[in-house]
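J.: So here's target_37.pdb, just PDB, C-alpha atoms and all ligand atoms:
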```
ATOM      1  CA  MET A  22       4.463 -29.895 -23.247
ATOM      2  CA  SER A  23       4.592 -31.510 -19.823
ATOM      3  CA  VAL A  24       3.334 -29.656 -16.747
ATOM      4  CA  PRO A  25       6.048 -27.364 -15.301
ATOM      5  CA  LYS A  26       7.573 -28.450 -12.004
ATOM      6  CA  VAL A  27       7.877 -25.511  -9.643
ATOM      7  CA  TYR A  28      10.504 -25.359  -6.896
ATOM      8  CA  ILE A  29       9.275 -24.136  -3.520
ATOM      9  CA  ASN A  30      11.703 -24.263  -0.594
ATOM     10  CA  GLY A  31      13.589 -27.308  -1.847
ATOM     11  CA  LYS A  32      10.608 -29.358  -3.038
ATOM     12  CA  TYR A  33       9.069 -29.636  -6.513
ATOM     13  CA  TYR A  34       5.358 -29.283  -7.220
ATOM     14  CA  ASP A  35       3.304 -29.624 -10.411
ATOM     15  CA  LYS A  36       2.155 -26.166 -11.560
ATOM     16  CA  PRO A  37      -1.462 -26.546 -10.267
ATOM     17  CA  ASP A  38      -0.178 -27.580  -6.823
ATOM     18  CA  ALA A  39       2.520 -24.908  -6.536
ATOM     19  CA  LYS A  40       1.008 -22.681  -3.841
ATOM     20  CA  VAL A  41       2.053 -20.471  -0.952
ATOM     21  CA  SER A  42       0.124 -19.079   2.022
ATOM     22  CA  VAL A  43      -2.335 -16.195   1.665
ATOM     23  CA  TYR A  44      -0.540 -14.767   4.734
ATOM     24  CA  ASP A  45       2.675 -14.425   2.697
ATOM     25  CA  HIS A  46       3.783 -10.797   2.866
ATOM     26  CA  GLY A  47       4.772 -11.129  -0.787
ATOM     27  CA  LEU A  48       1.031 -11.264  -1.502
ATOM     28  CA  LEU A  49      -0.154  -8.977   1.303
ATOM     29  CA  TYR A  50       2.397  -6.188   0.746
ATOM     30  CA  GLY A  51       4.501  -6.938  -2.347
ATOM     31  CA  ASP A  52       7.266  -7.609   0.168
ATOM     32  CA  GLY A  53       9.963  -9.639  -1.554
ATOM     33  CA  VAL A  54      12.392  -9.660  -4.456
ATOM     34  CA  PHE A  55      12.664 -11.446  -7.775
ATOM     35  CA  GLU A  56      14.609 -12.047 -10.967
ATOM     36  CA  GLY A  57      13.508 -12.820 -14.536
ATOM     37  CA  ILE A  58      16.168 -14.864 -16.298
ATOM     38  CA  ARG A  59      16.469 -16.478 -19.737
ATOM     39  CA  VAL A  60      17.565 -19.992 -20.587
ATOM     40  CA  TYR A  61      19.299 -20.247 -23.959
ATOM     41  CA  ASN A  62      20.599 -23.548 -25.257
ATOM     42  CA  SER A  63      19.943 -25.191 -21.856
ATOM     43  CA  LYS A  64      22.222 -22.635 -20.174
ATOM     44  CA  VAL A  65      21.108 -19.999 -17.677
ATOM     45  CA  PHE A  66      22.069 -16.688 -19.287
ATOM     46  CA  ARG A  67      24.190 -14.376 -17.125
ATOM     47  CA  HIS A  68      23.317 -16.499 -14.128
ATOM     48  CA  GLN A  69      25.852 -14.972 -11.731
ATOM     49  CA  GLU A  70      24.749 -11.405 -12.573
ATOM     50  CA  HIS A  71      21.116 -12.253 -11.797
ATOM     51  CA  ILE A  72      22.038 -14.017  -8.546
ATOM     52  CA  ASP A  73      24.194 -11.046  -7.511
ATOM     53  CA  ARG A  74      21.349  -8.604  -8.200
ATOM     54  CA  LEU A  75      18.851 -10.799  -6.313
ATOM     55  CA  TYR A  76      21.048 -10.820  -3.206
ATOM     56  CA  GLU A  77      21.668  -7.062  -3.495
ATOM     57  CA  SER A  78      17.910  -6.426  -3.774
ATOM     58  CA  ALA A  79      17.310  -8.687  -0.760
ATOM     59  CA  LYS A  80      19.971  -6.864   1.234
ATOM     60  CA  ALA A  81      18.413  -3.514   0.371
ATOM     61  CA  ILE A  82      15.046  -4.613   1.768
ATOM     62  CA  ASP A  83      16.706  -6.359   4.745
ATOM     63  CA  LEU A  84      15.516  -9.808   3.676
ATOM     64  CA  LYS A  85      17.740 -12.742   4.575
ATOM     65  CA  ILE A  86      17.571 -15.352   1.826
ATOM     66  CA  PRO A  87      17.699 -18.816   3.429
ATOM     67  CA  LEU A  88      20.150 -20.171   0.804
ATOM     68  CA  THR A  89      23.693 -19.133  -0.043
ATOM     69  CA  PRO A  90      24.153 -17.671  -3.542
ATOM     70  CA  ASP A  91      25.822 -20.938  -4.646
ATOM     71  CA  GLU A  92      22.961 -23.033  -3.259
ATOM     72  CA  MET A  93      20.525 -20.729  -5.063
ATOM     73  CA  LYS A  94      22.414 -21.123  -8.346
ATOM     74  CA  LYS A  95      22.307 -24.889  -7.997
ATOM     75  CA  ALA A  96      18.578 -24.851  -7.173
ATOM     76  CA  VAL A  97      17.946 -22.775 -10.344
ATOM     77  CA  GLU A  98      20.047 -25.123 -12.493
ATOM     78  CA  ASP A  99      18.404 -28.227 -11.024
ATOM     79  CA  THR A 100      14.939 -26.786 -11.740
ATOM     80  CA  VAL A 101      15.904 -26.011 -15.352
ATOM     81  CA  THR A 102      17.249 -29.572 -15.787
ATOM     82  CA  LEU A 103      14.185 -31.153 -14.180
ATOM     83  CA  ASN A 104      11.945 -29.208 -16.581
ATOM     84  CA  HIS A 105      14.081 -30.229 -19.616
ATOM     85  CA  LYS A 106      14.190 -26.607 -20.704
ATOM     86  CA  LYS A 107      16.386 -25.738 -23.687
ATOM     87  CA  GLU A 108      14.886 -22.285 -24.303
ATOM     88  CA  GLY A 109      12.772 -20.623 -21.644
ATOM     89  CA  TYR A 110      12.333 -18.127 -18.885
ATOM     90  CA  ILE A 111      12.963 -18.471 -15.172
ATOM     91  CA  ARG A 112      11.107 -16.512 -12.536
ATOM     92  CA  LEU A 113      13.083 -16.630  -9.309
ATOM     93  CA  VAL A 114      11.137 -15.201  -6.378
ATOM     94  CA  VAL A 115      11.956 -14.746  -2.708
ATOM     95  CA  THR A 116       9.015 -13.524  -0.656
ATOM     96  CA  ARG A 117       9.188 -12.247   2.916
ATOM     97  CA  GLY A 118       7.032 -15.300   3.650
ATOM     98  CA  PRO A 119       3.946 -15.957   5.748
ATOM     99  CA  GLY A 120       3.565 -13.865   8.884
ATOM    100  CA  THR A 121       0.950 -11.887  10.775
ATOM    101  CA  LEU A 122      -1.498  -9.453   9.144
ATOM    102  CA  GLY A 123       0.611  -6.440  10.180
ATOM    103  CA  LEU A 124       3.574  -5.017   8.277
ATOM    104  CA  ASP A 125       6.136  -6.272  10.807
ATOM    105  CA  PRO A 126       8.323  -8.734   8.884
ATOM    106  CA  ARG A 127       9.987 -10.278  11.953
ATOM    107  CA  ARG A 128       7.668 -13.291  12.241
ATOM    108  CA  CYS A 129       7.924 -14.091   8.511
ATOM    109  CA  ASP A 130       9.772 -17.083   7.119
ATOM    110  CA  PRO A 131      10.881 -16.428   3.488
ATOM    111  CA  ASN A 132       9.634 -18.557   0.611
ATOM    112  CA  VAL A 133      11.989 -19.341  -2.264
ATOM    113  CA  ILE A 134      10.162 -20.071  -5.518
ATOM    114  CA  ILE A 135      11.646 -21.027  -8.890
ATOM    115  CA  ILE A 136       9.353 -21.232 -11.917
ATOM    116  CA  VAL A 137      10.726 -22.400 -15.270
ATOM    117  CA  ASP A 138       8.341 -21.694 -18.123
ATOM    118  CA  ASP A 139       8.069 -19.754 -21.392
ATOM    119  CA  ILE A 140       7.591 -16.057 -22.013
ATOM    120  CA  SER A 141       6.794 -14.003 -25.071
ATOM    121  CA  LEU A 142       6.528 -10.355 -24.185
ATOM    122  CA  TYR A 143       5.806  -8.747 -27.547
ATOM    123  CA  PRO A 144       4.461 -10.239 -30.806
ATOM    124  CA  PRO A 145       7.100 -11.291 -33.405
ATOM    125  CA  GLU A 146       6.083  -8.572 -35.907
ATOM    126  CA  LEU A 147       7.158  -5.885 -33.420
ATOM    127  CA  TYR A 148      10.650  -7.393 -33.383
ATOM    128  CA  GLU A 149      10.682  -7.076 -37.186
ATOM    129  CA  ASN A 150       9.158  -3.619 -37.514
ATOM    130  CA  GLY A 151       9.846  -1.973 -34.165
ATOM    131  CA  MET A 152       7.237  -0.684 -31.735
ATOM    132  CA  PRO A 153       5.673   2.594 -30.679
ATOM    133  CA  ILE A 154       5.793   3.745 -27.068
ATOM    134  CA  VAL A 155       4.214   6.613 -25.150
ATOM    135  CA  THR A 156       5.444   8.660 -22.214
ATOM    136  CA  SER A 157       3.580   7.806 -19.038
ATOM    137  CA  SER A 158       2.295  10.432 -16.622
ATOM    138  CA  ILE A 159       3.430   8.117 -13.815
ATOM    139  CA  ILE A 160       6.839   9.149 -12.481
ATOM    140  CA  ARG A 161       9.290   6.303 -11.821
ATOM    141  CA  ASN A 162       9.713   5.660  -8.090
ATOM    142  CA  HIS A 163      11.987   8.212  -6.456
ATOM    143  CA  PRO A 164      15.236   6.452  -5.442
ATOM    144  CA  ASN A 165      14.899   7.834  -1.921
ATOM    145  CA  ALA A 166      11.396   6.369  -1.610
ATOM    146  CA  LEU A 167      11.815   2.924  -3.177
ATOM    147  CA  SER A 168      14.941   2.575  -5.246
ATOM    148  CA  PRO A 169      14.300   1.308  -8.787
ATOM    149  CA  ARG A 170      17.584  -0.585  -8.381
ATOM    150  CA  ILE A 171      15.716  -2.996  -6.111
ATOM    151  CA  LYS A 172      13.907  -5.606  -8.172
ATOM    152  CA  SER A 173      11.122  -5.917  -5.641
ATOM    153  CA  LEU A 174       7.758  -7.641  -5.854
ATOM    154  CA  ASN A 175       6.168  -4.195  -5.626
ATOM    155  CA  TYR A 176       5.698  -3.367  -9.319
ATOM    156  CA  LEU A 177       2.656  -1.094  -9.004
ATOM    157  CA  ASN A 178       4.666   1.917 -10.189
ATOM    158  CA  ASN A 179       5.442   0.105 -13.433
ATOM    159  CA  ILE A 180       1.992  -1.467 -13.758
ATOM    160  CA  LEU A 181       0.282   1.944 -13.558
ATOM    161  CA  ALA A 182       2.487   3.153 -16.415
ATOM    162  CA  LYS A 183       1.838  -0.057 -18.373
ATOM    163  CA  ILE A 184      -1.922   0.514 -18.044
ATOM    164  CA  GLU A 185      -1.465   3.969 -19.587
ATOM    165  CA  ALA A 186       0.543   2.470 -22.440
ATOM    166  CA  ILE A 187      -2.156  -0.094 -23.168
ATOM    167  CA  ARG A 188      -4.889   2.598 -23.043
ATOM    168  CA  ALA A 189      -2.864   4.531 -25.618
ATOM    169  CA  GLY A 190      -2.633   1.466 -27.880
ATOM    170  CA  CYS A 191       1.032   0.702 -27.052
ATOM    171  CA  LEU A 192       2.729  -2.149 -25.237
ATOM    172  CA  GLU A 193       5.389  -0.092 -23.486
ATOM    173  CA  ALA A 194       5.552   3.256 -21.723
ATOM    174  CA  LEU A 195       8.500   5.542 -21.192
ATOM    175  CA  MET A 196       8.863   6.519 -17.532
ATOM    176  CA  LEU A 197      10.526   9.762 -16.467
ATOM    177  CA  ASN A 198      12.136  10.360 -13.095
ATOM    178  CA  ALA A 199      11.162  13.098 -10.635
ATOM    179  CA  ASN A 200      13.480  15.544 -12.467
ATOM    180  CA  GLY A 201      11.653  14.933 -15.733
ATOM    181  CA  GLU A 202      14.575  12.993 -17.218
ATOM    182  CA  VAL A 203      14.226   9.690 -19.021
ATOM    183  CA  ALA A 204      14.503   6.748 -16.626
ATOM    184  CA  GLU A 205      13.392   3.541 -18.332
ATOM    185  CA  CYS A 206      10.337   1.697 -19.610
ATOM    186  CA  THR A 207       8.001  -0.376 -17.428
ATOM    187  CA  GLY A 208       9.970  -3.602 -17.890
ATOM    188  CA  ASP A 209      12.953  -2.601 -20.024
ATOM    189  CA  ASN A 210      15.900  -0.217 -20.171
ATOM    190  CA  ILE A 211      16.060   2.339 -22.970
ATOM    191  CA  PHE A 212      18.859   3.316 -25.382
ATOM    192  CA  VAL A 213      19.118   5.914 -28.142
ATOM    193  CA  ILE A 214      21.627   6.347 -30.941
ATOM    194  CA  LYS A 215      22.539   9.829 -32.117
ATOM    195  CA  HIS A 216      25.302  10.493 -34.664
ATOM    196  CA  GLY A 217      26.644   6.968 -34.102
ATOM    197  CA  VAL A 218      26.893   7.304 -30.292
ATOM    198  CA  LEU A 219      24.913   4.907 -28.098
ATOM    199  CA  LYS A 220      23.376   6.651 -25.089
ATOM    200  CA  THR A 221      21.458   5.348 -22.104
ATOM    201  CA  PRO A 222      20.599   6.825 -18.690
ATOM    202  CA  GLY A 223      23.001   5.974 -15.864
ATOM    203  CA  THR A 224      21.844   4.324 -12.640
ATOM    204  CA  GLU A 225      21.620   7.791 -11.029
ATOM    205  CA  ALA A 226      18.574   8.420 -13.268
ATOM    206  CA  GLY A 227      16.664   5.955 -11.068
ATOM    207  CA  ILE A 228      16.578   2.769 -13.123
ATOM    208  CA  LEU A 229      16.897  -0.936 -12.641
ATOM    209  CA  GLU A 230      20.444  -1.750 -13.699
ATOM    210  CA  GLY A 231      19.417  -4.275 -16.324
ATOM    211  CA  VAL A 232      21.516  -7.341 -16.973
ATOM    212  CA  THR A 233      20.645  -7.109 -20.681
ATOM    213  CA  ARG A 234      21.520  -3.391 -20.621
ATOM    214  CA  ASN A 235      24.979  -4.239 -19.352
ATOM    215  CA  VAL A 236      25.397  -6.998 -21.942
ATOM    216  CA  VAL A 237      24.434  -4.574 -24.746
ATOM    217  CA  ILE A 238      26.895  -1.954 -23.453
ATOM    218  CA  GLU A 239      29.591  -4.658 -23.463
ATOM    219  CA  LEU A 240      28.671  -5.730 -27.022
ATOM    220  CA  ALA A 241      28.649  -2.131 -28.273
ATOM    221  CA  LYS A 242      32.130  -1.546 -26.877
ATOM    222  CA  ARG A 243      33.324  -4.751 -28.559
ATOM    223  CA  LEU A 244      31.861  -3.447 -31.841
ATOM    224  CA  LYS A 245      33.715  -0.139 -31.307
ATOM    225  CA  ILE A 246      30.488   1.803 -30.892
ATOM    226  CA  GLU A 247      30.956   4.744 -28.520
ATOM    227  CA  VAL A 248      28.771   4.375 -25.398
ATOM    228  CA  LYS A 249      27.700   7.155 -23.044
ATOM    229  CA  GLU A 250      25.714   6.773 -19.839
ATOM    230  CA  VAL A 251      24.136  10.225 -19.660
ATOM    231  CA  ALA A 252      20.998  12.049 -18.594
ATOM    232  CA  LEU A 253      18.423  12.007 -21.398
ATOM    233  CA  THR A 254      15.233  13.982 -21.860
ATOM    234  CA  ARG A 255      12.226  13.254 -24.016
ATOM    235  CA  HIS A 256      13.777  15.540 -26.628
ATOM    236  CA  ASP A 257      16.654  13.064 -26.955
ATOM    237  CA  ILE A 258      14.165  10.283 -27.650
ATOM    238  CA  TYR A 259      12.164  12.298 -30.240
ATOM    239  CA  ALA A 260      15.327  13.542 -31.990
ATOM    240  CA  ALA A 261      17.215  10.206 -31.865
ATOM    241  CA  ASP A 262      18.386   8.473 -35.035
ATOM    242  CA  GLU A 263      17.480   5.128 -33.440
ATOM    243  CA  CYS A 264      15.994   3.885 -30.195
ATOM    244  CA  PHE A 265      15.651   0.431 -28.640
ATOM    245  CA  LEU A 266      14.763  -1.320 -25.405
ATOM    246  CA  THR A 267      16.506  -4.139 -23.577
ATOM    247  CA  GLY A 268      15.350  -6.660 -21.001
ATOM    248  CA  SER A 269      15.612 -10.337 -20.162
ATOM    249  CA  ALA A 270      12.059 -10.914 -21.325
ATOM    250  CA  ALA A 271      12.110  -8.325 -24.170
ATOM    251  CA  GLU A 272      15.701  -9.050 -25.306
ATOM    252  CA  VAL A 273      16.521  -6.220 -27.794
ATOM    253  CA  ILE A 274      13.599  -4.501 -29.542
ATOM    254  CA  ALA A 275      13.561  -1.356 -31.672
ATOM    255  CA  VAL A 276      11.355   1.600 -30.744
ATOM    256  CA  THR A 277      10.196   3.365 -33.878
ATOM    257  CA  ALA A 278       7.864   6.013 -32.439
ATOM    258  CA  CYS A 279       7.370   7.855 -29.170
ATOM    259  CA  ASP A 280       4.301   9.957 -28.356
ATOM    260  CA  GLY A 281       3.296   9.883 -32.024
ATOM    261  CA  ARG A 282       6.682  11.159 -33.320
ATOM    262  CA  SER A 283       8.460   8.663 -35.507
ATOM    263  CA  ILE A 284      12.069   8.060 -34.501
ATOM    264  CA  GLY A 285      14.709   8.245 -37.247
ATOM    265  CA  THR A 286      13.353   6.635 -40.399
ATOM    266  CA  GLY A 287      10.469   5.078 -38.477
ATOM    267  CA  LYS A 288      12.042   1.638 -38.984
ATOM    268  CA  PRO A 289      14.543  -0.351 -36.877
ATOM    269  CA  GLY A 290      17.912   1.329 -37.493
ATOM    270  CA  PRO A 291      21.223  -0.256 -38.569
ATOM    271  CA  ILE A 292      23.000  -0.018 -35.193
ATOM    272  CA  THR A 293      19.955  -1.437 -33.410
ATOM    273  CA  LYS A 294      19.958  -4.340 -35.872
ATOM    274  CA  GLN A 295      23.680  -4.851 -35.436
ATOM    275  CA  LEU A 296      23.350  -4.968 -31.632
ATOM    276  CA  ARG A 297      20.301  -7.217 -31.802
ATOM    277  CA  GLU A 298      22.198  -9.653 -34.019
ATOM    278  CA  ALA A 299      25.245  -9.540 -31.740
ATOM    279  CA  PHE A 300      22.971 -10.214 -28.771
ATOM    280  CA  GLN A 301      21.334 -13.160 -30.530
ATOM    281  CA  ALA A 302      24.736 -14.585 -31.483
ATOM    282  CA  LEU A 303      25.914 -14.275 -27.866
ATOM    283  CA  THR A 304      22.870 -16.098 -26.518
ATOM    284  CA  ARG A 305      23.470 -18.918 -28.974
ATOM    285  CA  GLU A 306      27.172 -19.342 -28.159
TER     286      GLU A 306
HETATM  287  C1  LIG A 401      11.803  -1.879 -14.583
HETATM  288  C2  LIG A 401      12.733  -2.719 -15.367
HETATM  289  N1  LIG A 401      13.769  -2.141 -15.993
HETATM  290  C3  LIG A 401      14.642  -2.851 -16.719
HETATM  291  C4  LIG A 401      14.513  -4.222 -16.861
HETATM  292  C5  LIG A 401      15.516  -4.985 -17.658
HETATM  293  O1  LIG A 401      16.375  -5.700 -16.788
HETATM  294  P1  LIG A 401      17.062  -7.065 -17.228
HETATM  295  O2  LIG A 401      17.800  -6.798 -18.484
HETATM  296  O3  LIG A 401      17.974  -7.405 -16.094
HETATM  297  O4  LIG A 401      15.986  -8.068 -17.404
HETATM  298  C6  LIG A 401      13.452  -4.865 -16.242
HETATM  299  C7  LIG A 401      13.257  -6.301 -16.405
HETATM  300  O5  LIG A 401      13.561  -7.056 -15.563
HETATM  301  C8  LIG A 401      12.549  -4.112 -15.452
HETATM  302  O6  LIG A 401      11.516  -4.699 -14.841
END
```
Show this structure as structure tokens.
Ligand SMILES: Cc1ncc(COP(=O)(O)O)c(C=O)c1O
T.:
Amino acid sequence: MSVPKVYINGKYYDKPDAKVSVYDHGLLYGDGVFEGIRVYNSKVFRHQEHIDRLYESAKAIDLKIPLTPDEMKKAVEDTVTLNHKKEGYIRLVVTRGPGTLGLDPRRCDPNVIIIVDDISLYPPELYENGMPIVTSSIIRNHPNALSPRIKSLNYLNNILAKIEAIRAGCLEALMLNANGEVAECTGDNIFVIKHGVLKTPGTEAGILEGVTRNVVIELAKRLKIEVKEVALTRHDIYAADECFLTGSAAEVIAVTACDGRSIGTGKPGPITKQLREAFQALTRE
């Protein structure tokens, strides 16, 4: 494969030369926003939804993106075309930009970065057989501290939970909110199925409103599966008939155990499979 060409502020650089300043507040403070987006069949999947969320995240952190949403969309498409990507993953990043060593963002000039590459989050056998997760002791960020709806460059909350998952021999961790309810996993949204009803926490649980989550809700409704956005506890995960995660990188993956309790039959369930197939068909349209 040829070397990826990375977009930085309107110019393209070969991967080894794609660099930004060490004074960038994205590096110094995790100050910035991003999106992770899939390319299927040379098309940017749910492009508008990702652009909308990026600009909402930027607004929430009071970061003015130096491109209009349409200019940003074109820059993403041009970078995908330049990299001849049929199937891949886009990392779209807007940092606060280089400034002084203090927190004050006023002297910063944002950097816009578009990387088009590949991603494989979990090994293929986990997509076949499902994966175990554990509950993390790390509480998901309180919405009044740093809203999980902001897809910011500050992912320490999630990384701390991911470290616990890895220590426990898993690749994902369930994160609860400050009320002890289920929020989401470190890089994915979570769904359960109980008596044929698909349930997932609402945004008030303190989650990132996943683009894939919304696609799966849409697909379920099309398939006449009842969907409820409700508060869930760990009991709902343990006692579920089926459980799965969604994310741009993860796509749709079954969860077959949580904290050592097997979920349902301990294998990917029929509704999970049905939704995964519907998702795959949609991405190949
Ligand atoms: C914390 C978190 N939740 C959920 C998701 C899933 O969101 P999406 O489907 O938009 O990729 C992600 C991935 O971006 C994430 O990082």
J.: Residues at most 9 Å from Arg74 in chain A, counting all atoms listed in the file, excluding those fewer than 2 positions away in the same chain, as JSON, numbers by chain?
T.: {"A": [56, 69, 70, 71, 72, 76, 77, 78, 79, 170, 171, 172, 230, 232]}
J.: Would you list the residues that come within 8 Å of ligand LIG 401 (chain A)? Count all atoms listed in the file and give the answer as a PDB file with C-alpha atoms, in the coordinates of the input.
T.:
```
ATOM      1  CA  GLU A  56      14.609 -12.047 -10.967  1.00  0.00           C
ATOM      2  CA  GLY A  57      13.508 -12.820 -14.536  1.00  0.00           C
ATOM      3  CA  ILE A  58      16.168 -14.864 -16.298  1.00  0.00           C
ATOM      4  CA  HIS A  71      21.116 -12.253 -11.797  1.00  0.00           C
ATOM      5  CA  PRO A 169      14.300   1.308  -8.787  1.00  0.00           C
ATOM      6  CA  LYS A 172      13.907  -5.606  -8.172  1.00  0.00           C
ATOM      7  CA  ASN A 179       5.442   0.105 -13.433  1.00  0.00           C
ATOM      8  CA  GLU A 205      13.392   3.541 -18.332  1.00  0.00           C
ATOM      9  CA  CYS A 206      10.337   1.697 -19.610  1.00  0.00           C
ATOM     10  CA  THR A 207       8.001  -0.376 -17.428  1.00  0.00           C
ATOM     11  CA  GLY A 208       9.970  -3.602 -17.890  1.00  0.00           C
ATOM     12  CA  ASP A 209      12.953  -2.601 -20.024  1.00  0.00           C
ATOM     13  CA  ASN A 210      15.900  -0.217 -20.171  1.00  0.00           C
ATOM     14  CA  ILE A 228      16.578   2.769 -13.123  1.00  0.00           C
ATOM     15  CA  LEU A 229      16.897  -0.936 -12.641  1.00  0.00           C
ATOM     16  CA  GLU A 230      20.444  -1.750 -13.699  1.00  0.00           C
ATOM     17  CA  GLY A 231      19.417  -4.275 -16.324  1.00  0.00           C
ATOM     18  CA  VAL A 232      21.516  -7.341 -16.973  1.00  0.00           C
ATOM     19  CA  THR A 233      20.645  -7.109 -20.681  1.00  0.00           C
ATOM     20  CA  ARG A 234      21.520  -3.391 -20.621  1.00  0.00           C
ATOM     21  CA  ASN A 235      24.979  -4.239 -19.352  1.00  0.00           C
ATOM     22  CA  THR A 267      16.506  -4.139 -23.577  1.00  0.00           C
ATOM     23  CA  GLY A 268      15.350  -6.660 -21.001  1.00  0.00           C
ATOM     24  CA  SER A 269      15.612 -10.337 -20.162  1.00  0.00           C
ATOM     25  CA  ALA A 270      12.059 -10.914 -21.325  1.00  0.00           C
ATOM     26  CA  ALA A 271      12.110  -8.325 -24.170  1.00  0.00           C
ATOM     27  CA  GLU A 272      15.701  -9.050 -25.306  1.00  0.00           C
TER      28      GLU A 272
END
```
J.: To test the calculation: enclose all listed atoms of range 206-222 of chain A in a box whose edges run along x, y and z, add 6 Å on each side, then state centre and edge lengths in Å to one decimal, as JSON.
T.:
```
{"center_x": 17.4, "center_y": 3.4, "center_z": -26.0, "size_x": 30.9, "size_y": 26.1, "size_z": 29.2}
```
J.: Could you state which residues are captured by the PyMOL selection byres (((chain A and resi 47) around 12) and not hetatm) in this file, as a VMD selection string?
T.: chain A and resid 41 to 46 48 to 55 84 114 to 120 122 124 126 129 to 134 173 to 176
J.: Once the PyMOL selection byres (((chain A and resi 147) around 12) and not hetatm) is applied to the coordinates I shared, what remains selected? I want it as a PyMOL selection string.
T.: chain A and resi 141-146+148-154+191-193+265-266+271+273-278+288-289
J.: Quick one: of A:Asn62, A:Arg188, A:Ala81, A:Leu197, who's nearest to Leu167 in chain A, counting only C-alpha atoms?
T.: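 Between A:Asn62, A:Arg188, A:Ala81, A:Leu197, the residue approaching Leu167 in chain A most closely is A:Ala81.
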J.: As JSON, numbers by chain, please: the residues near Lys36 in chain A (cut-off 8 Å, all atoms listed in the file, same-chain neighbours under 5 positions excluded).
T.: {"A": [24, 25, 26, 27]}
J.: Please enumerate the residues selected by the PyMOL selection byres (((chain A and resi 201) around 12) and not hetatm) when evaluated against the supplied file, formatted as a list in words.
T.: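 In the shown coordinates, the PyMOL selection byres (((chain A and resi 201) around 12) and not hetatm) covers Thr156, Ser157, Ser158, Ile159, Ile160, Arg161, His163, Leu195, Met196, Leu197, Asn198, Ala199, Asn200, Glu202, Val203, Ala204, Glu205, Ala226, Gly227, Ala252, Leu253, Thr254, Arg255 and His256 of chain A.
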J.: Please indicate the distance in Å from CA of Asp138 in chain A to CA of Leu103 in chain A, rounded to one decimal place.
T.: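 Straight-line distance from CA of Asp138 in chain A to CA of Leu103 in chain A works out to 11.8 Å.
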